[in-house]
$ cat start25.cif   # mmCIF, C-alpha atoms and all ligand atoms
data_run
loop_
_atom_site.label_atom_id
_atom_site.label_comp_id
_atom_site.auth_asym_id
_atom_site.auth_seq_id
_atom_site.Cartn_x
_atom_site.Cartn_y
_atom_site.Cartn_z
CA MET A 1 80.22 110.84 81.14
CA ALA A 2 83.99 110.82 81.10
CA LEU A 3 85.85 111.09 84.39
CA LEU A 4 88.31 113.49 82.78
CA GLU A 5 87.87 115.30 79.51
CA ILE A 6 90.64 117.55 78.23
CA ARG A 7 89.80 119.59 75.16
CA ASN A 8 92.29 121.56 73.11
CA LEU A 9 94.29 122.52 76.16
CA HIS A 10 96.94 125.17 75.61
CA VAL A 11 99.20 126.12 78.51
CA SER A 12 101.96 128.71 78.78
CA VAL A 13 104.65 129.29 81.37
CA GLU A 14 106.11 132.75 81.55
CA GLY A 15 104.84 133.52 78.06
CA THR A 16 106.15 130.35 76.43
CA GLU A 17 103.59 127.87 75.17
CA ILE A 18 104.32 124.42 76.62
CA LEU A 19 101.11 122.50 75.92
CA LYS A 20 99.88 123.10 72.40
CA GLY A 21 96.40 121.65 72.21
CA ILE A 22 95.91 118.50 74.27
CA ASP A 23 92.83 116.33 73.83
CA LEU A 24 92.31 113.40 76.16
CA SER A 25 89.26 111.56 77.39
CA MET A 26 89.40 109.12 80.25
CA ASP A 27 86.64 107.00 81.74
CA THR A 28 86.44 106.00 85.37
CA GLY A 29 88.04 102.61 85.98
CA GLN A 30 90.78 103.25 83.45
CA VAL A 31 94.51 103.68 83.73
CA HIS A 32 95.96 106.04 81.15
CA ALA A 33 99.70 106.40 80.76
CA ILE A 34 101.36 109.50 79.40
CA MET A 35 104.83 108.89 78.04
CA GLY A 36 107.19 111.33 76.45
CA PRO A 37 110.74 112.63 76.30
CA ASN A 38 112.16 115.07 78.83
CA GLY A 39 110.72 118.54 78.49
CA SER A 40 107.70 117.47 76.45
CA GLY A 41 105.26 118.91 78.99
CA LYS A 42 104.23 115.88 81.04
CA SER A 43 104.69 117.52 84.45
CA THR A 44 103.12 120.71 83.13
CA LEU A 45 99.97 118.76 82.33
CA ALA A 46 99.93 117.22 85.83
CA LYS A 47 100.41 120.60 87.50
CA VAL A 48 97.76 122.32 85.43
CA LEU A 49 95.26 119.63 86.40
CA VAL A 50 95.81 120.31 90.11
CA GLY A 51 95.77 124.08 89.68
CA ASP A 52 99.40 125.18 89.97
CA GLU A 53 99.28 128.93 89.40
CA ALA A 54 102.61 129.12 87.56
CA TYR A 55 100.86 127.64 84.53
CA GLU A 56 98.53 129.75 82.45
CA VAL A 57 95.76 128.13 80.47
CA THR A 58 95.42 130.20 77.31
CA GLU A 59 92.87 128.05 75.50
CA GLY A 60 90.79 124.93 75.97
CA GLN A 61 88.77 123.17 78.61
CA VAL A 62 89.11 120.51 81.28
CA LEU A 63 86.04 118.76 82.59
CA PHE A 64 86.06 116.53 85.65
CA GLU A 65 82.87 114.48 85.84
CA GLY A 66 81.38 117.10 83.55
CA GLU A 67 82.35 120.03 85.80
CA ASP A 68 84.77 122.77 84.79
CA LEU A 69 87.94 121.77 86.65
CA LEU A 70 89.89 124.88 85.68
CA GLU A 71 87.34 127.06 87.50
CA MET A 72 88.01 125.28 90.78
CA ASP A 73 90.61 126.39 93.35
CA PRO A 74 93.32 123.81 94.06
CA GLU A 75 91.71 122.97 97.43
CA VAL A 76 88.38 122.35 95.75
CA ARG A 77 90.02 120.08 93.18
CA ALA A 78 91.42 117.98 96.02
CA ARG A 79 88.00 117.85 97.66
CA VAL A 80 86.20 116.69 94.53
CA GLY A 81 88.73 113.87 94.31
CA VAL A 82 91.76 114.88 92.26
CA PHE A 83 95.09 113.77 93.72
CA LEU A 84 98.62 114.45 92.53
CA GLY A 85 101.43 112.24 93.68
CA PHE A 86 104.47 114.42 93.70
CA GLN A 87 107.58 113.65 91.80
CA TYR A 88 109.46 115.25 94.66
CA PRO A 89 107.22 114.90 97.74
CA VAL A 90 106.92 118.03 99.85
CA GLU A 91 107.96 118.00 103.47
CA ILE A 92 105.55 119.61 105.90
CA PRO A 93 107.45 120.46 109.08
CA GLY A 94 105.44 120.45 112.27
CA VAL A 95 102.43 118.65 110.78
CA SER A 96 102.19 114.95 111.50
CA ASN A 97 101.25 112.54 108.77
CA THR A 98 98.11 111.51 110.64
CA TYR A 99 97.04 115.07 111.36
CA PHE A 100 97.57 116.08 107.74
CA LEU A 101 95.48 113.20 106.47
CA LYS A 102 92.74 113.75 109.03
CA ALA A 103 92.35 117.35 107.89
CA ALA A 104 92.33 116.25 104.24
CA VAL A 105 89.83 113.43 104.79
CA ASN A 106 87.49 115.69 106.74
CA ALA A 107 87.70 118.43 104.11
CA ILE A 108 86.66 115.88 101.48
CA ARG A 109 83.83 114.60 103.70
CA LYS A 110 82.63 118.13 104.42
CA HIS A 111 82.57 118.87 100.70
CA HIS A 112 80.23 115.91 100.27
CA GLY A 113 78.02 116.99 103.16
CA LYS A 114 79.29 114.35 105.57
CA ASP A 115 80.24 114.78 109.24
CA GLU A 116 83.83 114.61 110.43
CA MET A 117 85.13 111.13 110.85
CA ASP A 118 85.14 109.81 114.39
CA ALA A 119 88.69 110.01 115.84
CA MET A 120 88.87 106.31 116.71
CA GLU A 121 87.44 105.30 113.37
CA PHE A 122 90.03 107.47 111.61
CA LEU A 123 92.88 106.00 113.63
CA GLN A 124 91.70 102.52 112.71
CA LEU A 125 91.56 103.50 109.06
CA VAL A 126 95.09 104.90 108.94
CA LYS A 127 96.50 101.91 110.81
CA GLU A 128 94.79 99.48 108.49
CA ARG A 129 95.95 101.34 105.36
CA ALA A 130 99.49 101.73 106.72
CA LYS A 131 99.58 97.98 107.13
CA THR A 132 98.26 97.37 103.61
CA VAL A 133 100.96 99.53 102.02
CA LYS A 134 103.60 98.33 104.51
CA LEU A 135 104.25 101.79 105.89
CA ASP A 136 106.12 101.70 109.19
CA GLU A 137 103.66 102.83 111.89
CA THR A 138 106.23 105.16 113.44
CA LEU A 139 105.95 107.31 110.29
CA LEU A 140 102.32 108.09 111.11
CA GLN A 141 103.24 110.51 113.90
CA ARG A 142 106.26 112.07 112.19
CA PRO A 143 105.96 115.34 110.25
CA VAL A 144 104.92 114.65 106.65
CA ASN A 145 107.93 113.37 104.68
CA GLU A 146 110.45 115.13 106.94
CA GLY A 147 113.59 113.04 107.05
CA PHE A 148 111.87 110.17 105.26
CA SER A 149 114.07 108.04 103.02
CA GLY A 150 113.29 107.91 99.30
CA GLY A 151 111.47 104.60 99.71
CA GLU A 152 109.54 105.86 102.72
CA LYS A 153 108.40 108.92 100.77
CA LYS A 154 107.16 106.73 97.95
CA ARG A 155 105.36 104.48 100.38
CA ASN A 156 103.89 107.52 102.10
CA GLU A 157 102.58 108.84 98.78
CA ILE A 158 100.81 105.54 98.17
CA PHE A 159 99.60 105.56 101.77
CA HIS A 160 98.04 109.01 101.28
CA LEU A 161 96.46 107.76 98.08
CA SER A 162 94.96 104.78 99.87
CA VAL A 163 93.52 106.89 102.70
CA LEU A 164 92.19 109.70 100.50
CA GLU A 165 90.75 107.34 97.86
CA PRO A 166 90.67 109.98 95.10
CA LYS A 167 88.52 109.57 91.99
CA LEU A 168 91.40 110.67 89.81
CA ALA A 169 94.97 109.93 90.84
CA ILE A 170 97.74 111.56 88.85
CA LEU A 171 101.15 110.04 89.41
CA ASP A 172 104.09 111.89 87.95
CA GLU A 173 107.04 109.54 88.25
CA THR A 174 109.05 111.08 85.45
CA ASP A 175 112.81 111.17 85.71
CA SER A 176 112.68 110.30 89.36
CA GLY A 177 114.88 107.28 88.78
CA LEU A 178 112.76 104.92 90.83
CA ASP A 179 114.74 101.92 91.97
CA ILE A 180 113.14 98.52 91.66
CA ASP A 181 111.81 98.56 95.24
CA ALA A 182 110.19 101.97 94.85
CA LEU A 183 108.77 100.86 91.52
CA ARG A 184 107.13 97.85 93.18
CA ILE A 185 105.76 100.00 96.01
CA VAL A 186 104.10 102.36 93.52
CA ALA A 187 102.87 99.57 91.25
CA ASP A 188 101.43 97.42 94.04
CA GLY A 189 99.73 100.45 95.56
CA VAL A 190 98.17 101.46 92.26
CA ASN A 191 97.15 97.93 91.33
CA ASN A 192 95.49 97.39 94.70
CA MET A 193 93.48 100.55 94.19
CA ARG A 194 92.43 100.00 90.60
CA GLY A 195 88.69 99.74 90.34
CA PRO A 196 85.53 100.99 88.69
CA GLU A 197 85.26 104.05 90.96
CA ARG A 198 88.66 105.49 90.07
CA GLY A 199 90.94 106.51 87.23
CA PHE A 200 94.71 106.85 87.11
CA LEU A 201 96.85 109.09 84.98
CA VAL A 202 100.32 107.62 85.18
CA ILE A 203 103.02 109.86 83.81
CA THR A 204 106.34 108.27 83.06
CA HIS A 205 109.40 108.73 80.92
CA TYR A 206 110.32 105.06 81.03
CA GLN A 207 108.31 102.08 79.93
CA ARG A 208 109.57 100.07 82.91
CA LEU A 209 106.84 101.20 85.32
CA LEU A 210 104.21 100.09 82.81
CA ASN A 211 105.42 96.49 83.05
CA TYR A 212 103.98 96.58 86.55
CA ILE A 213 101.06 98.97 86.07
CA VAL A 214 99.54 97.77 82.84
CA PRO A 215 97.69 100.72 81.30
CA ASP A 216 94.45 100.59 79.33
CA VAL A 217 95.49 103.50 77.15
CA VAL A 218 98.91 104.99 76.34
CA HIS A 219 99.42 108.53 75.04
CA VAL A 220 102.70 109.78 73.62
CA LEU A 221 103.37 113.43 74.41
CA VAL A 222 106.00 115.18 72.30
CA ASP A 223 106.62 118.91 72.28
CA GLY A 224 103.33 119.73 73.97
CA ARG A 225 101.14 117.57 71.75
CA ILE A 226 99.75 114.07 71.99
CA VAL A 227 101.21 112.55 68.84
CA GLN A 228 99.90 109.02 69.27
CA THR A 229 97.40 107.11 71.39
CA GLY A 230 97.20 103.35 71.64
CA ASP A 231 97.03 100.37 73.96
CA LYS A 232 99.81 98.91 76.13
CA THR A 233 101.67 97.61 73.10
CA LEU A 234 102.47 101.23 72.23
CA ALA A 235 104.53 101.48 75.42
CA GLU A 236 106.46 98.36 74.46
CA GLU A 237 107.05 99.75 71.00
CA LEU A 238 108.40 102.99 72.51
CA GLU A 239 110.76 101.03 74.70
CA ARG A 240 112.27 99.47 71.57
CA LYS A 241 112.25 102.46 69.27
CA GLY A 242 112.59 105.43 71.63
CA TYR A 243 111.19 108.87 70.96
CA GLU A 244 113.58 109.97 68.19
CA GLY A 245 111.16 109.31 65.35
CA TYR A 246 108.48 111.42 66.99
CA GLU A 247 110.91 114.19 67.88
CA GLU A 248 112.18 114.42 64.31
CA ALA A 249 108.61 114.60 63.05
CA ALA A 250 107.82 117.34 65.61
CA ALA A 251 110.89 119.40 64.72
P1 LIG B 301 108.46 116.93 81.33
O1 LIG B 301 107.77 116.68 82.62
O2 LIG B 301 107.83 116.26 80.16
O3 LIG B 301 109.92 116.62 81.39
P2 LIG B 301 107.89 119.71 81.91
O4 LIG B 301 106.43 119.84 81.85
O5 LIG B 301 108.53 119.63 83.24
O6 LIG B 301 108.35 118.49 80.99
O7 LIG B 301 108.56 120.93 81.13
C1 LIG B 301 108.17 121.27 79.81
C2 LIG B 301 108.85 122.56 79.42
O8 LIG B 301 108.32 123.63 80.18
C3 LIG B 301 110.34 122.59 79.67
O9 LIG B 301 110.96 123.28 78.63
C4 LIG B 301 110.48 123.32 80.98
O10 LIG B 301 111.70 123.98 81.08
C5 LIG B 301 109.33 124.31 80.91
N1 LIG B 301 108.79 124.63 82.23
C6 LIG B 301 108.06 123.84 83.01
N2 LIG B 301 107.74 124.43 84.18
C7 LIG B 301 108.31 125.65 84.13
C8 LIG B 301 108.36 126.77 85.02
N3 LIG B 301 107.73 126.73 86.21
N4 LIG B 301 109.04 127.87 84.61
C9 LIG B 301 109.65 127.91 83.43
N5 LIG B 301 109.65 126.90 82.54
C10 LIG B 301 108.99 125.78 82.88
MG MG B 302 94.88 124.11 69.22
MG MG B 303 108.38 115.88 84.44
#
$ encode --input "start25.cif" --output "structure tokens" --more "lines below"
Ligand code: ADP
Ligand code: MG
Ligand code: MG
Amino acid sequence: MALLEIRNLHVSVEGTEILKGIDLSMDTGQVHAIMGPNGSGKSTLAKVLVGDEAYEVTEGQVLFEGEDLLEMDPEVRARVGVFLGFQYPVEIPGVSNTYFLKAAVNAIRKHHGKDEMDAMEFLQLVKERAKTVKLDETLLQRPVNEGFSGGEKKRNEIFHLSVLEPKLAILDETDSGLDIDALRIVADGVNNMRGPERGFLVITHYQRLLNYIVPDVVHVLVDGRIVQTGDKTLAEELERKGYEGYEEAAA
């Protein structure tokens, strides 16, 4: 069974169709990259997968481990193991990083019929993971992302990923102009977490990130449609040729 199966997905925003029939099948253990020009619908796809209500699914299906993902509330999607790394991370005033994660971890555990994690055990886990992703320990007690630098936010996103251990991680890095340090933080974090129990959907405008996170499959999204699917060499080809050829064909 596929980890994620998208079938003929059509999505509209305020009456305008943005995604025009997406098909994508991803197995666990894989990294799929979605590349495409600005405005092609990459972030729309990410947001629809996590249940953003601004986006209306007008046709099609999304299955997560065979279950209807679109029927699930956003909270349930998080609990079954879908994670979205935000292009612009949200700040959560008054809620410490550790507290936020503890609530999230326990919600996931509860969903799977497990008891809450022991407080000491949890503290050990966050400290260990903070160390692994080189997150400054002082950031653990600060409100989520509040006043964090750009690099700290990126590191915090990867930190959350490493604590929550989602089955499907969606990273939308489009247009965010990651500097080389942030790029390495994201890439190292993802590469450390690659494994048979997890899949990644890495969304990016630039090929650069994919030099560090080498994808198994690359999809090219233009004007709401996947116009080509291939292996990592497709990303390299796009870097040389750009999207113009596809855009002309779409127009
Ligand atoms: P990408 O991430 O590939 O740059 P987006 O998915 O962000 O593209 O946007 C695709 C198209 O949908 C754009 O034309 C954008 O203006 C439009 N769009 C996306 N989200 C909204 C929204 N919440 N309201 C109105 N239009 C939107
Ligand atoms: Mg269609
Ligand atoms: Mg985007």
$ closest_atom_pairs --input "start25.cif" --of "chain A" --to "ligand LIG 301 (chain B)" --cutoff "9 Å" --atoms "all atoms listed in the file" --output "Markdown table"
| residue | atom | partner | partner_atom | distance |
| --- | --- | --- | --- | --- |
| A:Ser12 | CA | B:LIG301 | O8 | 8.3 |
| A:Val13 | CA | B:LIG301 | C9 | 5.6 |
| A:Glu14 | CA | B:LIG301 | C9 | 6.3 |
| A:Thr16 | CA | B:LIG301 | N5 | 7.8 |
| A:Glu17 | CA | B:LIG301 | O8 | 8.1 |
| A:Ile18 | CA | B:LIG301 | O8 | 5.4 |
| A:Leu19 | CA | B:LIG301 | C1 | 8.2 |
| A:Met35 | CA | B:LIG301 | O2 | 8.2 |
| A:Gly36 | CA | B:LIG301 | O2 | 6.2 |
| A:Pro37 | CA | B:LIG301 | O2 | 6.0 |
| A:Asn38 | CA | B:LIG301 | O3 | 3.7 |
| A:Gly39 | CA | B:LIG301 | O6 | 3.4 |
| A:Ser40 | CA | B:LIG301 | O2 | 3.9 |
| A:Gly41 | CA | B:LIG301 | O4 | 3.2 |
| A:Lys42 | CA | B:LIG301 | O2 | 3.7 |
| A:Ser43 | CA | B:LIG301 | O1 | 3.7 |
| A:Thr44 | CA | B:LIG301 | O4 | 3.7 |
| A:Leu45 | CA | B:LIG301 | O4 | 6.6 |
| A:Ala46 | CA | B:LIG301 | O4 | 8.1 |
| A:Lys47 | CA | B:LIG301 | O4 | 8.3 |
| A:Ala54 | CA | B:LIG301 | N3 | 5.8 |
| A:Tyr55 | CA | B:LIG301 | N3 | 7.1 |
| A:Asp172 | CA | B:LIG301 | O1 | 8.1 |
| A:Thr174 | CA | B:LIG301 | O1 | 6.4 |
| A:Asp175 | CA | B:LIG301 | O3 | 7.5 |
| A:Ile203 | CA | B:LIG301 | O1 | 8.4 |
| A:Thr204 | CA | B:LIG301 | O1 | 8.5 |
| A:His205 | CA | B:LIG301 | O2 | 7.7 |
| A:Leu221 | CA | B:LIG301 | O2 | 7.8 |
| A:Val222 | CA | B:LIG301 | O2 | 8.1 |
| A:Asp223 | CA | B:LIG301 | C1 | 8.0 |
| A:Gly224 | CA | B:LIG301 | C1 | 7.7 |
$ residues_near_ligand --input "start25.cif" --ligand "ligand MG 302 (chain B)" --cutoff "10 Å" --atoms "all atoms listed in the file" --output "ChimeraX atom specification"
/A:7-10,19-23,59-60,225
$ residues_near_point --input "start25.cif" --point "(88.9, 114.7, 81.8)" --cutoff "10 Å" --atoms "all atoms listed in the file" --output "ChimeraX atom specification"
/A:1-7,23-28,49,61-69,168
$ write_last_selection --input "start25.cif" --atoms "C-alpha atoms" --output "mmCIF file, in the frame of the given file"
data_model
loop_
_atom_site.group_PDB
_atom_site.id
_atom_site.type_symbol
_atom_site.label_atom_id
_atom_site.label_comp_id
_atom_site.auth_asym_id
_atom_site.auth_seq_id
_atom_site.Cartn_x
_atom_site.Cartn_y
_atom_site.Cartn_z
ATOM 1 C CA MET A 1 80.220 110.840 81.140
ATOM 2 C CA ALA A 2 83.990 110.820 81.100
ATOM 3 C CA LEU A 3 85.850 111.090 84.390
ATOM 4 C CA LEU A 4 88.310 113.490 82.780
ATOM 5 C CA GLU A 5 87.870 115.300 79.510
ATOM 6 C CA ILE A 6 90.640 117.550 78.230
ATOM 7 C CA ARG A 7 89.800 119.590 75.160
ATOM 8 C CA ASP A 23 92.830 116.330 73.830
ATOM 9 C CA LEU A 24 92.310 113.400 76.160
ATOM 10 C CA SER A 25 89.260 111.560 77.390
ATOM 11 C CA MET A 26 89.400 109.120 80.250
ATOM 12 C CA ASP A 27 86.640 107.000 81.740
ATOM 13 C CA THR A 28 86.440 106.000 85.370
ATOM 14 C CA LEU A 49 95.260 119.630 86.400
ATOM 15 C CA GLN A 61 88.770 123.170 78.610
ATOM 16 C CA VAL A 62 89.110 120.510 81.280
ATOM 17 C CA LEU A 63 86.040 118.760 82.590
ATOM 18 C CA PHE A 64 86.060 116.530 85.650
ATOM 19 C CA GLU A 65 82.870 114.480 85.840
ATOM 20 C CA GLY A 66 81.380 117.100 83.550
ATOM 21 C CA GLU A 67 82.350 120.030 85.800
ATOM 22 C CA ASP A 68 84.770 122.770 84.790
ATOM 23 C CA LEU A 69 87.940 121.770 86.650
ATOM 24 C CA LEU A 168 91.400 110.670 89.810
#
$ closest_residue --input "start25.cif" --among "A:Asn211, A:Thr132, A:Thr229, A:Asn145" --to "Asn192 in chain A" --atoms "only C-alpha atoms"
A:Thr132
$ residues_around --input "start25.cif" --residues "Gly85 in chain A" --least-positions-apart "6" --cutoff "9 Å" --atoms "only C-alpha atoms" --output "PyMOL selection string"
chain A and resi 157-158+160-161+169-173
$ closest_residue --input "start25.cif" --among "A:Ile34, A:Gln124, A:Asp118, A:Val76" --to "ligand MG 303 (chain B)" --atoms "all atoms listed in the file"
A:Ile34
$ closest_residue --input "start25.cif" --among "A:Leu70, A:Val126, A:Ala78, A:Val202" --to "ligand MG 303 (chain B)" --atoms "all atoms listed in the file"
A:Val202
$ closest_residue --input "start25.cif" --among "A:Asn106, A:Asn97, A:Gln207, A:Gln228" --to "Val144 in chain A" --atoms "only C-alpha atoms"
A:Asn97
$ residues_around --input "start25.cif" --residues "Thr98 in chain A" --least-positions-apart "4" --cutoff "10 Å" --atoms "all atoms listed in the file" --output "list in words"
Lys102, Ala103, Ala104, Phe122, Leu123, Val126, Lys127, Leu139, Leu140, Gln141, Arg142, Pro143, Val144 and His160 of chain A
$ atom_distance --input "start25.cif" --atom1 "CA of Ile226 in chain A" --atom2 "CA of Glu247 in chain A"
11.9 Å
$ atom_distance --input "start25.cif" --atom1 "CA of Val48 in chain A" --atom2 "CA of Gln30 in chain A"
20.4 Å
$ residues_around --input "start25.cif" --residues "Val163 in chain A" --least-positions-apart "4" --cutoff "8 Å" --atoms "all atoms listed in the file" --output "VMD selection string"
chain A and resid 101 105 125 to 126 129 159
$ axis_aligned_box --input "start25.cif" --around "range 232-243 of chain A" --padding-each-side "8 Å" --output "JSON"
{"center_x": 106.2, "center_y": 103.2, "center_z": 72.7, "size_x": 28.8, "size_y": 27.3, "size_z": 22.9}
$ atom_distance --input "start25.cif" --atom1 "CA of Val80 in chain A" --atom2 "CA of Val217 in chain A"
23.7 Å
$ residues_around --input "start25.cif" --residues "Thr233 in chain A" --least-positions-apart "4" --cutoff "9 Å" --atoms "only C-alpha atoms" --output "list of chain:residue names"
A:Val218, A:Glu237, A:Leu238
$ closest_residue --input "start25.cif" --among "A:Tyr206, A:Tyr243, A:Phe200, A:Phe83" --to "ligand MG 303 (chain B)" --atoms "all atoms listed in the file"
A:Tyr206
$ residues_near_point --input "start25.cif" --point "(107.4, 100.5, 85.8)" --cutoff "10 Å" --atoms "all atoms listed in the file" --output "PyMOL selection string"
chain A and resi 173+178-180+182-184+186-187+204-214
$ write_last_selection --input "start25.cif" --atoms "C-alpha atoms" --output "tab-separated table (two decimals), in the coordinates of the input"
chain	number	residue	atom	x	y	z
A	173	GLU	CA	107.04	109.54	88.25
A	178	LEU	CA	112.76	104.92	90.83
A	179	ASP	CA	114.74	101.92	91.97
A	180	ILE	CA	113.14	98.52	91.66
A	182	ALA	CA	110.19	101.97	94.85
A	183	LEU	CA	108.77	100.86	91.52
A	184	ARG	CA	107.13	97.85	93.18
A	186	VAL	CA	104.10	102.36	93.52
A	187	ALA	CA	102.87	99.57	91.25
A	204	THR	CA	106.34	108.27	83.06
A	205	HIS	CA	109.40	108.73	80.92
A	206	TYR	CA	110.32	105.06	81.03
A	207	GLN	CA	108.31	102.08	79.93
A	208	ARG	CA	109.57	100.07	82.91
A	209	LEU	CA	106.84	101.20	85.32
A	210	LEU	CA	104.21	100.09	82.81
A	211	ASN	CA	105.42	96.49	83.05
A	212	TYR	CA	103.98	96.58	86.55
A	213	ILE	CA	101.06	98.97	86.07
A	214	VAL	CA	99.54	97.77	82.84
$ residues_around --input "start25.cif" --residues "Asp136 in chain A" --least-positions-apart "6" --cutoff "10 Å" --atoms "only C-alpha atoms" --output "PDB file with C-alpha atoms, keeping the file's coordinate frame"
ATOM      1  CA  LYS A 127      96.500 101.910 110.810  1.00  0.00           C
ATOM      2  CA  ALA A 130      99.490 101.730 106.720  1.00  0.00           C
ATOM      3  CA  GLU A 152     109.540 105.860 102.720  1.00  0.00           C
ATOM      4  CA  ARG A 155     105.360 104.480 100.380  1.00  0.00           C
ATOM      5  CA  ASN A 156     103.890 107.520 102.100  1.00  0.00           C
TER       6      ASN A 156
END
